[in-house]
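First the structure, in the form of structure tokens, and then the observations on it.
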Amino acid sequence: MNMQFLRISLRAFIIFFSLLTLSSCSKFLDVAPKDQVSDATLWSTTGNADLFLNDVYASVPTLETGDPWENFSDNSMNGQAGRVSTNIYGPSIYTPSNAPNRWGQYVNIRKANLFIEKVTASALPDDWKALRLAEARFLRAYFYSILWMYHGGVPIITDVLNQNEQGDEVFRPRNTSQETFDFITAECAAIEPALPLTAESGRVTRGAVLALKGWCELFNAGALHNPANDPARWDLAATTFKKIIDLEHYDLFPDYNTLFFEENNNNIEVIFARQHLGGTSLANFRDGHIGPRFVRGGLTGWGHVDPTQDLVDEYFMANGLPITDPASGYDPQNPYVNREKRFYQSIVYDGSEWLGDIMIMKQGVGSPNATDLNNSSISTRTGYYIRKGINPKYASAQNNGNSANWIIFRYAEILLGYAEAKNESSGPDETVYSAINDIRQRSDLGPLPDGLTKDEMRIAIHQERRVELAFEEKRLPDLLRLRLAEVKLNGPLHAIKIDLVGGNPVYTVVPAGGGMRVFYPEKNYFLPIPQSARDKNSKLEQNPHYD
């Protein structure tokens with residue numbers, strides 16, 4: 001693996017953070033003119049300017065291991081008490097003052113704007129400028145896409161704000177949701193020709209910009225932004241995803257189990273990923289933070305991602321049928337037998353092996369991993385731990401040696417996005433079947449049955465997407481864009497309770513401790529604008545029903 005990009009990114013963070021002081025999580029916008037300190041040298045060579053841009057790359061969000069966004073969906077829960085996903089977001093008791101938010105992306109947007117402004121005005125080589133400016137514009141568009149998905153329309157700022165020079169003009173009103181979407185996708189279209197098909201590991205490519213554009217188009221085609229279900233919006237997304245497929249540059253990595261491990265960073269399936277470097281501040285801490293808690297009685301992880309029974313029930317049987325199909329062979333009193341490969345590669349369950357130990361989630365046998373039915377933060381709340389992406393080599397609570405990247409876009413998601421968009425725009429043709437069946441084939445599942453209706457194919461695609469992309473922080477955006485959150489996030493999430501009766505295990509699906517979810521559709525499809533931002537900028541209109 002090429003580690004040069006990561007090492008440069010780390011150097012950039014160390015060298016220029018003290019000079020530029022660009023990061024401030026507590027501020028809506030950093031408007032102080034601190035960028036002028038090192039102008040004499042920073043923009044005089046491509047090497048120095050690259051250090052600055054690499055710091056922008058290092059600002060791309062990675063997995064928030066303390067309370068991943070997956071826990072805000074119906075796929076998982078945090079095994080630790082007192083987390084926002086469980087205590088505030090889950091019961092929908094958040095306000096503009098304490099709600100989770102993505103407003104910190106404006107710090108990253110300002111960095112990108114500064115790079116774009118300075119490099120555009122520099123005397124650096126034109127070919128280098130064209131490439132790096134395209135990279136910076138992609139990163140800025142990506143930051144805006146995060147804001148747009150969770151907050152709706154936001155102020156589109158493309159200049160470097162300086163309150164000393166601009167006064168109150170630095171405080172901008174919100175653009176509409178449509179204007180924000182149009183800006184993101186127009187930026188992607190504009191920079192696509194300037195980006196290469198292949199680049200240094202971690203840098204933006206043509207595939208990455210098409211993936212971002214297609215994802216935003218898919219999001220915009222869902223019921224949240226497309227209540228009339230205009231098929232043209234779905235067709236737009238399908239067309240973009242098809243461009244990536246037609247590049248013939250990406251493919252499915254053969255082994256789903258190790259796809260996410262450091263030894264397979266930037267493999268043939270990966271389109272864009274946040275880079276990590278073990279043993280440094282850029283290490284990936286997920287293994288100890290979100291992995292299983294106890295092995296042989298010792299603490300090996302914090303259990304910040306506990307898969308729900310609701311997700312476990314979505315995994316197919318080995319014969320390719322959902323467990324709800326009478327022909328599947330599923331036995332609720334022997335639920336872990338003859339399941340598909342991704343189940344065994346993604347979930348730690350009662351009786352499975354982890355780090356050479358047999359994991360026991362049964363009640364009344366003295367296991368520290370017994371399902372926590374009382375929401376007391378002592379073990380798994382659901383009867384399951386995450387296995388997917390957890391490298392046994394780094395599975396200890398304090399380990400910082402992992403260099404595994406956080407994958408943001410990969411080819412399987414492109415196939416799923418294409419299949420969904422194409423099915424919605426024109427029905428389940430051969431290309432829809434091919435896209436889904438390619439993914440199923442990797443996990444040794446048979447093809448979907450012929451002759452599915454559009455509605456039947458939609459159900460199949462949604463289930464395949466949920467399973468394939470589990471724990472990759474795609475589930476909550478999917479629930480939002482499809483307006484399914486009011487269904488899936490209203491009521492209890494579920495756990496498995498396992499008792500020994502006469503020496504035999506008895507499996508009972510129960511509400512998970514701390515798993516009650518409430519979702520108000522009139523307001524919760526968008527997070528509120530943080531009150532701290534509105535206190536600084538009175539032009540920011542609040543999202544409905546949060547005042």
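Within each chain, counting starts at residue 1; across the structure tokens, chains are named A, B, ... in the order shown, with ligands numbered 1 upward in that order.
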
Can you pull out every residue within 10 Å of segment 290-298 of chain A, counting only C-alpha atoms, but drop anything in the same chain fewer than 2 positions away, and send it as a PyMOL selection string?
chain A and resi 64-68+78-79+285-288+300-306+348+353-360+367-369+378-380+384-392+394-397

Which of segment 165-332 of chain A DSSP labels helix (DSSP H, G or I), written as a VMD selection string:
chain A and resid 165 to 170 177 to 194 206 to 221 231 to 247 262 to 264 286 to 290 309 to 312

For Ile529 of chain A, work out the shell of residues within 12 Å, counting only C-alpha atoms and skipping chain neighbours fewer than 2 positions away, then give it as a PyMOL selection string.
chain A and resi 28+94-104+147-148+150-155+173-174+526-527+531-547

Using only C-alpha atoms, find the one residue out of A:Ala199, A:Leu63, A:Ile109, A:Ala123 that sits nearest to Ala283 of chain A.
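Answer, going by the shortest atom-to-atom distance: A:Leu63.
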
With a distance cut-off of 12 Å and only C-alpha atoms, select the neighbouring residues of Met77 of chain A, excluding the residue or stretch itself and same-chain residues fewer than 2 positions from it, and output the selection as a ChimeraX atom specification.
/A:66-75,79-87,89-90,290,303-311,372,375,377,379-386,471,492-495,512-517

Please identify every residue of segment 209-234 of chain A that has at least one atom no farther than 10 Å from an atom of segment 426-449 of chain A, counting only C-alpha atoms, and for each give the shortest atom pair and the distance in Å to one decimal, arranged by chain then increasing number, as a tab-separated table.
residue	atom	partner	partner_atom	distance
A:Pro231	CA	A:Ser426	CA	7.8
A:Ala232	CA	A:Ser426	CA	9.7
A:Trp234	CA	A:Ser426	CA	8.9

Students should find that atom CA of Ile496 of chain A and atom CA of Val509 of chain A are spaced 4.7 Å

Atomic distance atom CA of Val506 of chain A - atom CA of Leu489 of chain A, expressed in Å with one decimal
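Interatomic distance here is 27.6 Å.
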
Using only C-alpha atoms, find each residue in segment 140-259 of chain A having at least one atom no more than 12 Å away from segment 402-419 of chain A; report its shortest atom-to-atom pair and that distance in Å (one decimal), rows by chain then rising number, as a Markdown table.
| residue | atom | partner | partner_atom | distance |
| --- | --- | --- | --- | --- |
| A:Tyr142 | CA | A:Ile408 | CA | 10.6 |
| A:Ile146 | CA | A:Ile408 | CA | 12.0 |
| A:Ser201 | CA | A:Asn405 | CA | 10.8 |
| A:Gly202 | CA | A:Asn405 | CA | 9.2 |
| A:Val204 | CA | A:Phe409 | CA | 11.4 |
| A:Thr205 | CA | A:Phe409 | CA | 11.6 |
| A:Gly207 | CA | A:Phe409 | CA | 9.3 |
| A:Ala208 | CA | A:Phe409 | CA | 7.3 |
| A:Val209 | CA | A:Phe409 | CA | 10.1 |
| A:Leu210 | CA | A:Ile414 | CA | 9.8 |
| A:Ala211 | CA | A:Phe409 | CA | 6.8 |
| A:Leu212 | CA | A:Phe409 | CA | 8.0 |
| A:Lys213 | CA | A:Ile414 | CA | 11.2 |
| A:Gly214 | CA | A:Gly417 | CA | 7.9 |
| A:Trp215 | CA | A:Gly417 | CA | 7.5 |
| A:Cys216 | CA | A:Gly417 | CA | 10.7 |
| A:Glu217 | CA | A:Gly417 | CA | 9.9 |
| A:Leu218 | CA | A:Gly417 | CA | 7.1 |
| A:Phe219 | CA | A:Gly417 | CA | 9.9 |
| A:Ala221 | CA | A:Gly417 | CA | 11.3 |
| A:Gly222 | CA | A:Gly417 | CA | 11.8 |
| A:Trp234 | CA | A:Tyr418 | CA | 9.2 |
| A:Asp235 | CA | A:Tyr418 | CA | 9.3 |
| A:Leu236 | CA | A:Tyr418 | CA | 10.2 |
| A:Ala237 | CA | A:Tyr418 | CA | 7.2 |
| A:Ala238 | CA | A:Tyr418 | CA | 4.9 |
| A:Thr239 | CA | A:Tyr418 | CA | 7.9 |
| A:Thr240 | CA | A:Tyr418 | CA | 8.3 |
| A:Phe241 | CA | A:Tyr418 | CA | 5.4 |
| A:Lys242 | CA | A:Tyr418 | CA | 6.6 |
| A:Lys243 | CA | A:Tyr418 | CA | 9.9 |
| A:Ile244 | CA | A:Ile414 | CA | 7.6 |
| A:Ile245 | CA | A:Ile414 | CA | 7.7 |
| A:Asp246 | CA | A:Ile414 | CA | 11.4 |
| A:Leu247 | CA | A:Tyr411 | CA | 11.5 |
| A:Glu248 | CA | A:Tyr411 | CA | 10.7 |
| A:His249 | CA | A:Tyr411 | CA | 9.7 |
| A:Tyr250 | CA | A:Tyr411 | CA | 6.3 |
| A:Asp251 | CA | A:Tyr411 | CA | 6.3 |
| A:Leu252 | CA | A:Tyr411 | CA | 6.4 |
| A:Phe253 | CA | A:Tyr411 | CA | 8.9 |
| A:Pro254 | CA | A:Ala412 | CA | 11.6 |
| A:Tyr256 | CA | A:Ala412 | CA | 10.5 |
| A:Thr258 | CA | A:Ala404 | CA | 10.5 |
| A:Leu259 | CA | A:Ile407 | CA | 9.8 |

Would you please work out which residue, of A:Ala58, A:Val501, A:Ala318, A:Ala470, is nearest to Lys362 of chain A when using only C-alpha atoms?
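Under the stated criterion, the closest residue is A:Val501.
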